[in-house]
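K.L.:
Once you've had a glance at the structure underneath, I'll fire off some questions.
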Amino acid sequence: MFFFSAELSAQNASEILLKVDRNLSSDNRVFESSMTISGKRNSRTISSKTYAVGNNKSFTEYLSPASEKGTKMLKLEKQLWLYSPGSDRTIQLSGHMLRQSVMGSDLSYEDMMDDRKLSEIYDAQVVGEEMIGDRKTILLELTARLADVAYHSQRIWVDAERFVPLKQELFAKGGKLLKRIEMADVVKVQNRWFPLTMTYKDMLKQGDGTVFKLSNIEFDQAIPEYIFTKAALKK
Amino acid sequence: MKLAFTLAWRNLIGAGLRTWLNVIVLSFTFVIIIWLKGILSGWDQQAKNDMKDWEIAGGQWWHDAYDPFDPLSLESSHAVVPLDSIFTHQSNAVVPALMVQASIFPNGRMQQAILKGIPPHQTLLNLPSALLDTTVNGIPVVIGQTMAKNMGLSVGDLFTLRWRDRFGSFDAAEAEVVGVFYTNVPAVDQGLVYLDLAQLQRMTMFHNEATILSFHEGFFPENQAVGWKSKTVKELTKQVDEMIKTKSAGQSVMYLVLLFLAMLAIFDTQVLSIFRRQREIGTYIALGYTRPQVVGLFTLEGSMHAVLAAIAGAFYGIPFLWWQARVGWTLPMDSSEFGMAMAPTLYPVYSIGLIASTVLLVLLTTTVVSYFPSRKIAKMNPTEALRGKLQ
C-alpha cells in the first residue's frame, strides 16, 4: 500500500512538474523588467529589456537608471560579454563570472539565465498541500538527478489549479537553505500562467532581497539572429 | 708621496675647526648611507626568509592553469598530486594545498574568499595548521590577523561558507574560527580561509587533488611533471628583488642630497684654501714642485677629509649600527597592509661589500670634488702667487 502511494505520488509529481515547465519554459522570450535591490541603507531599481533563447543565448540592455543606461550584456553558451557605453568597450567575462551577483542583487547571472526545464534535471515527490494566501498549493520536493545542477534540491509550492510555482526554496547539497523565491501577480500570457513578480532572497545575506518585476513578456517571438552577436552590443 | 701625505695631514690639522666640521658632516653621510642600505638589505633578507617560512618553502610546483593574480583561474587549477605516495607522506618533504573560490558570510555580509586546504600535520610552513585537527561546532578554519580584522571575526566565531563542488553544485556549511595567526607575509593572510586539505577535497569532490605543492629545500624535484609549473625560490622571490631595487633607486635620491651637502662643504673649503694659500702654492713651485704635483697635494688634502670622516664615523657609527642591528628599526606605521612581506621591525644587515662600496663611493666623490677647484693652480703664475697677488 505504502509503495503504491509513493509511486503514485512520484507519478503525480512528475506530471505536475511537466505542467509547471509548460507554463514557465519556452523556446524564446522577450521581456521588459525592473529589478529593485534592497540594501541595508537604501534600495535602487534597474530596468532592462531582455531577449532570450533557451538556456544558451541571452541579450539584455539596461534602460535605467542613467548610470546603467546603455549597458548591454550578451550571453552565449558559457561566455558572457558586457558592453559599457561610458568606456565604449566590450569585456568578456569567464564562465565563473556567471555565478556572481548581478549588479549587487540576490540573483546570479546563472539564476537569471538558467532556463533548463525542472523536469529534465529534478526528480520530484509530492510531500503535502499548503495554502499560500488564498491559493491552494501542492508542495513538491525536488532532488537533482544530474550532477551539474547549481541547487541540489528544492522545495516548490505549485498552485494546484494553475500549475505555477508561488514559492520556491533552493537548498545546498548539505541541506542548507540558500535562496527563497516568492512569486506573485500570476497572469495568463499566450495561453500560459506566468508570475510577473518574483522576490529573490539570498538566505545567507542580510537585506530584504531583490524584487524582479516583469512589465511585459512575450513568448515564442521571431527574434532576429543578429541580436545575439557581439556587433549588437555596440549598436 | 710620503711627503705629500705629511704635508696634507699637517695642513688639515692646521686648518683646525674648519677641517673637523667638514669631517663631521661627511661622517654623518657615511653612517646614514650605510644604515639606510643596511635597512634595505635586512628587509630583503627578512622578506625572503619570511616568504620561505610561511608561503613558498624551498620551491613550489604550481598547477599549469594557476595564476596568483587571477582568482578566476582557480576554477580549473587543480589536479591529482603527481608524486609518489611515499614521498607525499613524508610530512615535511612536500605540502600540497588545494585552493577553491568561495563566498563567506560573516555577520550576514557576503564576501569573496579563497578556501585553502592544507594538511593539518604539516610543519614545513609556519601556518598553525595543527589547530585544524579538532572537532568544533562547524568546519574548523584558521585565518590571518588582517583577514580576521577585515571580516570582524575572532577565535570561536561561527560564519557560513558557501562553495561549489566539482560539478558546480552549491554547498554551504557553518565554519568556526579555531585560530587567528599573525604573519609578515600578506599573501598568506589576505582573503584566505585555511581548512583541512582532506576536508576541502571531500567538500569539493576534488579527491587527492591540489593547486600548489610546496617542497622542502632538500626535496625540490629537478624534473617537473606534466601539467605543473616548477617555481624555484629565486623565481618566487623575484618580486622582493624588484621591490628592493625600486626602493633602492628611491633612496639614492637621499644619498645624493646628503653627498651633495657634504661635497658642497668640501668644495667650499678647497676654493678657500687655494685662494688663501697662494703664497704657499708659489713657494712649493719655487722649491721645485711641478704644477701637477701641487694640484695632487691639494686634491690629496681634500680627499683626506673622507679618510678622516671614515675614521670619525667609525667611532660613533660602529656602536650605533651594531645597536640598530640588535634592536632593529620599528616602522612608525602599520605595515600589515603594504602588500609585501614586511616585518614591523626591520633589522639592518651590513655586509663587507656594502661598507666597502659606500667608503669607496664617498672617497671617490670627495677626490673628484677636491680636484676641480685645485685645477686652478695649474693656471697660476708662480711669481705672482709668491707675491700673494690675486689671480
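Identifiers in this document derive from the order of the C-alpha cells: chains are assigned A, B, ..., residues are numbered from 1 separately in each chain, and ligands are numbered from 1 in order of occurrence.
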Residues near Asp64 in chain B, anyone? I mean within 8 Å using only C-alpha atoms, not counting same-chain ones fewer than 2 positions away, as a CSV table (one decimal) with N, CA and C atoms, in the first residue's frame.
P.N.:
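The resulting out12.csv:
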```csv
chain,number,residue,atom,x,y,z
B,62,TRP,N,53.3,24.7,-9.3
B,62,TRP,CA,52.0,25.3,-9.5
B,62,TRP,C,51.3,24.5,-10.6
B,66,TYR,N,47.1,27.7,-12.9
B,66,TYR,CA,47.1,28.6,-11.7
B,66,TYR,C,47.8,29.9,-12.0
B,77,SER,N,42.3,25.2,-11.8
B,77,SER,CA,43.7,24.9,-11.5
B,77,SER,C,43.8,23.9,-10.3
B,227,GLY,N,51.8,19.1,-16.7
B,227,GLY,CA,50.6,19.8,-16.2
B,227,GLY,C,50.9,20.7,-15.0
B,228,TRP,N,52.2,20.7,-14.6
B,228,TRP,CA,52.6,21.5,-13.4
B,228,TRP,C,53.8,22.4,-13.8
B,229,LYS,N,53.9,23.6,-13.2
B,229,LYS,CA,55.0,24.5,-13.4
B,229,LYS,C,55.9,24.5,-12.2
```
K.L.:
Would you give me, as an NGL selection string, the residues of chain B that come within 12 Å of chain A, using only C-alpha atoms?
P.N.:
:B and (70-76 or 100-112 or 159-174 or 203-205)
K.L.:
Go ahead and save the picked residues with N, CA and C atoms, as an mmCIF file, in the first residue's frame.
P.N.:
```
data_model
loop_
_atom_site.group_PDB
_atom_site.id
_atom_site.type_symbol
_atom_site.label_atom_id
_atom_site.label_comp_id
_atom_site.auth_asym_id
_atom_site.auth_seq_id
_atom_site.Cartn_x
_atom_site.Cartn_y
_atom_site.Cartn_z
ATOM 1 N N ASP B 70 44.991 36.015 -10.833
ATOM 2 C CA ASP B 70 43.668 35.853 -11.437
ATOM 3 C C ASP B 70 42.871 34.821 -10.638
ATOM 4 N N PRO B 71 42.054 35.288 -9.670
ATOM 5 C CA PRO B 71 41.305 34.333 -8.842
ATOM 6 C C PRO B 71 40.382 33.435 -9.663
ATOM 7 N N LEU B 72 39.992 33.914 -10.859
ATOM 8 C CA LEU B 72 39.101 33.100 -11.684
ATOM 9 C C LEU B 72 39.800 31.849 -12.214
ATOM 10 N N SER B 73 41.148 31.895 -12.232
ATOM 11 C CA SER B 73 41.895 30.739 -12.734
ATOM 12 C C SER B 73 41.780 29.547 -11.776
ATOM 13 N N LEU B 74 41.364 29.812 -10.531
ATOM 14 C CA LEU B 74 41.286 28.733 -9.532
ATOM 15 C C LEU B 74 40.296 27.649 -9.933
ATOM 16 N N GLU B 75 39.287 28.065 -10.708
ATOM 17 C CA GLU B 75 38.240 27.120 -11.089
ATOM 18 C C GLU B 75 38.820 25.887 -11.793
ATOM 19 N N SER B 76 39.877 26.127 -12.578
ATOM 20 C CA SER B 76 40.415 24.990 -13.338
ATOM 21 C C SER B 76 41.830 24.607 -12.910
ATOM 22 N N VAL B 100 40.265 26.936 -3.606
ATOM 23 C CA VAL B 100 38.934 26.969 -4.218
ATOM 24 C C VAL B 100 38.272 28.303 -3.880
ATOM 25 N N GLN B 101 37.596 28.880 -4.868
ATOM 26 C CA GLN B 101 36.883 30.134 -4.603
ATOM 27 C C GLN B 101 35.610 29.859 -3.823
ATOM 28 N N ALA B 102 35.272 30.772 -2.919
ATOM 29 C CA ALA B 102 34.066 30.569 -2.123
ATOM 30 C C ALA B 102 33.507 31.918 -1.690
ATOM 31 N N SER B 103 32.314 31.886 -1.149
ATOM 32 C CA SER B 103 31.740 33.089 -0.533
ATOM 33 C C SER B 103 31.635 32.809 0.947
ATOM 34 N N ILE B 104 31.945 33.833 1.733
ATOM 35 C CA ILE B 104 31.764 33.656 3.174
ATOM 36 C C ILE B 104 30.797 34.740 3.649
ATOM 37 N N PHE B 105 30.076 34.439 4.697
ATOM 38 C CA PHE B 105 29.028 35.355 5.155
ATOM 39 C C PHE B 105 29.246 35.701 6.634
ATOM 40 N N PRO B 106 30.295 36.477 6.950
ATOM 41 C CA PRO B 106 30.475 36.852 8.350
ATOM 42 C C PRO B 106 29.449 37.930 8.703
ATOM 43 N N ASN B 107 28.684 37.708 9.715
ATOM 44 C CA ASN B 107 27.641 38.638 10.163
ATOM 45 C C ASN B 107 26.679 39.034 9.036
ATOM 46 N N GLY B 108 26.369 38.097 8.154
ATOM 47 C CA GLY B 108 25.373 38.348 7.107
ATOM 48 C C GLY B 108 25.867 39.150 5.926
ATOM 49 N N ARG B 109 27.159 39.494 5.905
ATOM 50 C CA ARG B 109 27.715 40.226 4.743
ATOM 51 C C ARG B 109 28.379 39.211 3.834
ATOM 52 N N MET B 110 28.101 39.321 2.539
ATOM 53 C CA MET B 110 28.739 38.361 1.629
ATOM 54 C C MET B 110 30.122 38.881 1.221
ATOM 55 N N GLN B 111 31.137 38.057 1.354
ATOM 56 C CA GLN B 111 32.498 38.413 0.975
ATOM 57 C C GLN B 111 33.082 37.267 0.159
ATOM 58 N N GLN B 112 33.909 37.632 -0.806
ATOM 59 C CA GLN B 112 34.586 36.586 -1.579
ATOM 60 C C GLN B 112 35.844 36.157 -0.825
ATOM 61 N N PHE B 159 30.667 31.348 11.117
ATOM 62 C CA PHE B 159 30.165 32.054 9.937
ATOM 63 C C PHE B 159 29.843 31.018 8.867
ATOM 64 N N THR B 160 29.069 31.426 7.854
ATOM 65 C CA THR B 160 28.669 30.468 6.815
ATOM 66 C C THR B 160 29.643 30.510 5.651
ATOM 67 N N LEU B 161 29.980 29.331 5.171
ATOM 68 C CA LEU B 161 30.836 29.180 3.980
ATOM 69 C C LEU B 161 29.944 28.670 2.860
ATOM 70 N N ARG B 162 30.103 29.216 1.652
ATOM 71 C CA ARG B 162 29.361 28.661 0.517
ATOM 72 C C ARG B 162 30.339 28.413 -0.622
ATOM 73 N N TRP B 163 30.324 27.230 -1.160
ATOM 74 C CA TRP B 163 31.258 26.880 -2.219
ATOM 75 C C TRP B 163 30.559 26.023 -3.265
ATOM 76 N N ARG B 164 31.261 25.703 -4.319
ATOM 77 C CA ARG B 164 30.717 24.826 -5.364
ATOM 78 C C ARG B 164 31.549 23.553 -5.428
ATOM 79 N N ASP B 165 30.921 22.447 -5.703
ATOM 80 C CA ASP B 165 31.702 21.217 -5.868
ATOM 81 C C ASP B 165 32.207 21.143 -7.312
ATOM 82 N N ARG B 166 32.850 20.042 -7.673
ATOM 83 C CA ARG B 166 33.484 19.965 -8.993
ATOM 84 C C ARG B 166 32.471 20.040 -10.140
ATOM 85 N N PHE B 167 31.188 19.783 -9.857
ATOM 86 C CA PHE B 167 30.174 19.850 -10.910
ATOM 87 C C PHE B 167 29.445 21.190 -10.919
ATOM 88 N N GLY B 168 29.791 22.063 -9.998
ATOM 89 C CA GLY B 168 29.149 23.382 -9.966
ATOM 90 C C GLY B 168 27.977 23.452 -9.016
ATOM 91 N N SER B 169 27.732 22.389 -8.254
ATOM 92 C CA SER B 169 26.607 22.408 -7.299
ATOM 93 C C SER B 169 26.998 23.182 -6.045
ATOM 94 N N PHE B 170 26.061 24.012 -5.582
ATOM 95 C CA PHE B 170 26.308 24.776 -4.365
ATOM 96 C C PHE B 170 26.306 23.864 -3.147
ATOM 97 N N ASP B 171 27.153 24.208 -2.210
ATOM 98 C CA ASP B 171 27.068 23.594 -0.900
ATOM 99 C C ASP B 171 27.412 24.664 0.123
ATOM 100 N N ALA B 172 26.901 24.513 1.295
ATOM 101 C CA ALA B 172 27.154 25.516 2.330
ATOM 102 C C ALA B 172 27.193 24.841 3.689
ATOM 103 N N ALA B 173 27.975 25.414 4.574
ATOM 104 C CA ALA B 173 28.065 24.867 5.935
ATOM 105 C C ALA B 173 28.602 25.950 6.857
ATOM 106 N N GLU B 174 28.418 25.738 8.146
ATOM 107 C CA GLU B 174 28.954 26.671 9.126
ATOM 108 C C GLU B 174 30.434 26.373 9.355
ATOM 109 N N MET B 203 34.700 18.098 0.402
ATOM 110 C CA MET B 203 33.647 19.097 0.178
ATOM 111 C C MET B 203 33.468 19.407 -1.305
ATOM 112 N N THR B 204 34.600 19.455 -2.026
ATOM 113 C CA THR B 204 34.546 19.873 -3.428
ATOM 114 C C THR B 204 34.568 18.680 -4.394
ATOM 115 N N MET B 205 34.781 17.501 -3.857
ATOM 116 C CA MET B 205 34.907 16.257 -4.638
ATOM 117 C C MET B 205 36.157 16.264 -5.515
#
```
K.L.:
I'd like the contact shell of range 92-97 of chain B - 12 Å cut-off, only C-alpha atoms, skipping same-chain residues fewer than 6 positions apart - returned as a PyMOL selection string.
P.N.:
chain B and resi 54-63+77-86+114-127+129+194-201+206+208-221
K.L.:
Range 162-221 of chain A: which residues are strand (DSSP E or B) by DSSP, as a ChimeraX atom specification?
P.N.:
/A:165-171,177-189,192-202,209-219
K.L.:
Which of range 5-168 of chain A end up as alpha helix (DSSP H) when DSSP is run on this backbone - answer as a PyMOL selection string?
P.N.:
chain A and resi 5-24+109-113+118-121
K.L.:
Kindly save the residues from that selection, with N, CA and C atoms included, as a PDB file, in the first residue's frame.
P.N.:
```pdb
ATOM      1  N   SER A   5       1.355   4.077  -2.950  1.00  0.00           N
ATOM      2  CA  SER A   5       1.075   5.516  -2.818  1.00  0.00           C
ATOM      3  C   SER A   5       2.318   6.347  -3.131  1.00  0.00           C
ATOM      4  N   ALA A   6       3.502   5.824  -2.788  1.00  0.00           N
ATOM      5  CA  ALA A   6       4.745   6.553  -3.089  1.00  0.00           C
ATOM      6  C   ALA A   6       4.948   6.658  -4.597  1.00  0.00           C
ATOM      7  N   GLU A   7       4.651   5.557  -5.297  1.00  0.00           N
ATOM      8  CA  GLU A   7       4.816   5.544  -6.755  1.00  0.00           C
ATOM      9  C   GLU A   7       3.835   6.521  -7.397  1.00  0.00           C
ATOM     10  N   LEU A   8       2.625   6.502  -6.839  1.00  0.00           N
ATOM     11  CA  LEU A   8       1.579   7.393  -7.358  1.00  0.00           C
ATOM     12  C   LEU A   8       1.994   8.845  -7.161  1.00  0.00           C
ATOM     13  N   SER A   9       2.562   9.094  -5.945  1.00  0.00           N
ATOM     14  CA  SER A   9       2.983  10.448  -5.611  1.00  0.00           C
ATOM     15  C   SER A   9       4.070  10.917  -6.567  1.00  0.00           C
ATOM     16  N   ALA A  10       5.018  10.007  -6.885  1.00  0.00           N
ATOM     17  CA  ALA A  10       6.108  10.364  -7.799  1.00  0.00           C
ATOM     18  C   ALA A  10       5.562  10.635  -9.192  1.00  0.00           C
ATOM     19  N   GLN A  11       4.587   9.792  -9.584  1.00  0.00           N
ATOM     20  CA  GLN A  11       3.983   9.955 -10.905  1.00  0.00           C
ATOM     21  C   GLN A  11       3.260  11.299 -11.001  1.00  0.00           C
ATOM     22  N   ASN A  12       2.471  11.582  -9.947  1.00  0.00           N
ATOM     23  CA  ASN A  12       1.748  12.848  -9.927  1.00  0.00           C
ATOM     24  C   ASN A  12       2.714  14.017  -9.933  1.00  0.00           C
ATOM     25  N   ALA A  13       3.768  13.879  -9.131  1.00  0.00           N
ATOM     26  CA  ALA A  13       4.747  14.959  -9.018  1.00  0.00           C
ATOM     27  C   ALA A  13       5.384  15.245 -10.371  1.00  0.00           C
ATOM     28  N   SER A  14       5.720  14.167 -11.107  1.00  0.00           N
ATOM     29  CA  SER A  14       6.336  14.370 -12.415  1.00  0.00           C
ATOM     30  C   SER A  14       5.371  15.074 -13.362  1.00  0.00           C
ATOM     31  N   GLU A  15       4.124  14.679 -13.281  1.00  0.00           N
ATOM     32  CA  GLU A  15       3.123  15.331 -14.136  1.00  0.00           C
ATOM     33  C   GLU A  15       2.976  16.810 -13.774  1.00  0.00           C
ATOM     34  N   ILE A  16       2.978  17.073 -12.465  1.00  0.00           N
ATOM     35  CA  ILE A  16       2.857  18.476 -12.006  1.00  0.00           C
ATOM     36  C   ILE A  16       4.046  19.288 -12.519  1.00  0.00           C
ATOM     37  N   LEU A  17       5.224  18.663 -12.416  1.00  0.00           N
ATOM     38  CA  LEU A  17       6.444  19.363 -12.852  1.00  0.00           C
ATOM     39  C   LEU A  17       6.414  19.648 -14.359  1.00  0.00           C
ATOM     40  N   LEU A  18       5.905  18.708 -15.101  1.00  0.00           N
ATOM     41  CA  LEU A  18       5.785  18.910 -16.555  1.00  0.00           C
ATOM     42  C   LEU A  18       4.851  20.077 -16.854  1.00  0.00           C
ATOM     43  N   LYS A  19       3.771  20.145 -16.062  1.00  0.00           N
ATOM     44  CA  LYS A  19       2.813  21.237 -16.265  1.00  0.00           C
ATOM     45  C   LYS A  19       3.452  22.584 -15.893  1.00  0.00           C
ATOM     46  N   VAL A  20       4.253  22.554 -14.841  1.00  0.00           N
ATOM     47  CA  VAL A  20       4.966  23.775 -14.432  1.00  0.00           C
ATOM     48  C   VAL A  20       5.903  24.210 -15.567  1.00  0.00           C
ATOM     49  N   ASP A  21       6.635  23.225 -16.108  1.00  0.00           N
ATOM     50  CA  ASP A  21       7.564  23.521 -17.212  1.00  0.00           C
ATOM     51  C   ASP A  21       6.835  24.103 -18.417  1.00  0.00           C
ATOM     52  N   ARG A  22       5.658  23.560 -18.682  1.00  0.00           N
ATOM     53  CA  ARG A  22       4.894  24.051 -19.852  1.00  0.00           C
ATOM     54  C   ARG A  22       4.539  25.529 -19.654  1.00  0.00           C
ATOM     55  N   ASN A  23       4.306  25.928 -18.403  1.00  0.00           N
ATOM     56  CA  ASN A  23       3.978  27.332 -18.122  1.00  0.00           C
ATOM     57  C   ASN A  23       5.214  28.234 -18.169  1.00  0.00           C
ATOM     58  N   LEU A  24       6.304  27.736 -17.605  1.00  0.00           N
ATOM     59  CA  LEU A  24       7.475  28.612 -17.424  1.00  0.00           C
ATOM     60  C   LEU A  24       8.478  28.572 -18.578  1.00  0.00           C
ATOM     61  N   TYR A 109      23.988  35.680 -12.418  1.00  0.00           N
ATOM     62  CA  TYR A 109      23.703  35.630 -13.856  1.00  0.00           C
ATOM     63  C   TYR A 109      23.098  34.276 -14.213  1.00  0.00           C
ATOM     64  N   GLU A 110      23.595  33.242 -13.540  1.00  0.00           N
ATOM     65  CA  GLU A 110      23.066  31.896 -13.774  1.00  0.00           C
ATOM     66  C   GLU A 110      21.593  31.806 -13.422  1.00  0.00           C
ATOM     67  N   ASP A 111      21.228  32.390 -12.250  1.00  0.00           N
ATOM     68  CA  ASP A 111      19.826  32.368 -11.825  1.00  0.00           C
ATOM     69  C   ASP A 111      18.951  33.002 -12.888  1.00  0.00           C
ATOM     70  N   MET A 112      19.461  34.096 -13.452  1.00  0.00           N
ATOM     71  CA  MET A 112      18.690  34.869 -14.411  1.00  0.00           C
ATOM     72  C   MET A 112      18.524  34.131 -15.735  1.00  0.00           C
ATOM     73  N   MET A 113      19.563  33.392 -16.082  1.00  0.00           N
ATOM     74  CA  MET A 113      19.580  32.844 -17.426  1.00  0.00           C
ATOM     75  C   MET A 113      19.299  31.342 -17.491  1.00  0.00           C
ATOM     76  N   LEU A 118      12.668  22.100 -15.247  1.00  0.00           N
ATOM     77  CA  LEU A 118      12.803  21.430 -13.940  1.00  0.00           C
ATOM     78  C   LEU A 118      12.669  19.914 -14.092  1.00  0.00           C
ATOM     79  N   SER A 119      11.758  19.504 -14.974  1.00  0.00           N
ATOM     80  CA  SER A 119      11.511  18.065 -15.132  1.00  0.00           C
ATOM     81  C   SER A 119      12.714  17.343 -15.733  1.00  0.00           C
ATOM     82  N   GLU A 120      13.603  18.100 -16.394  1.00  0.00           N
ATOM     83  CA  GLU A 120      14.776  17.471 -17.007  1.00  0.00           C
ATOM     84  C   GLU A 120      15.892  17.229 -15.995  1.00  0.00           C
ATOM     85  N   ILE A 121      15.895  18.024 -14.938  1.00  0.00           N
ATOM     86  CA  ILE A 121      17.029  17.904 -14.008  1.00  0.00           C
ATOM     87  C   ILE A 121      16.660  17.411 -12.607  1.00  0.00           C
TER      88      ILE A 121
END
```
K.L.:
Figure out the distance between CA of Glu141 in chain A and CA of Tyr122 in chain A, please, to one decimal in Å.
P.N.:
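It comes out at 9.2 Å.
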K.L.:
Which polymer residues have any atom within 6 Å of an atom of range 141-158 of chain B, counting only C-alpha atoms, with same-chain residues fewer than 4 positions away left out, as an NGL selection string?
P.N.:
:B and (175-182 or 189-190 or 193-195)
K.L.:
List the spatial neighbours of Arg44 in chain A as a list in words - criterion: any atom at most 12 Å away, only C-alpha atoms, same-chain residues fewer than 2 positions off excluded.
P.N.:
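In the requested format, the answer is Ser34, Met35, Thr36, Ile37, Ser38, Gly39, Lys40, Arg41, Asn42, Ile46, Ser47, Ser64, Pro65, Ala66, Ser67, Glu68, Met103, Gly104, Ser105, Gly209, Thr210, Val211 and Phe212 of chain A.
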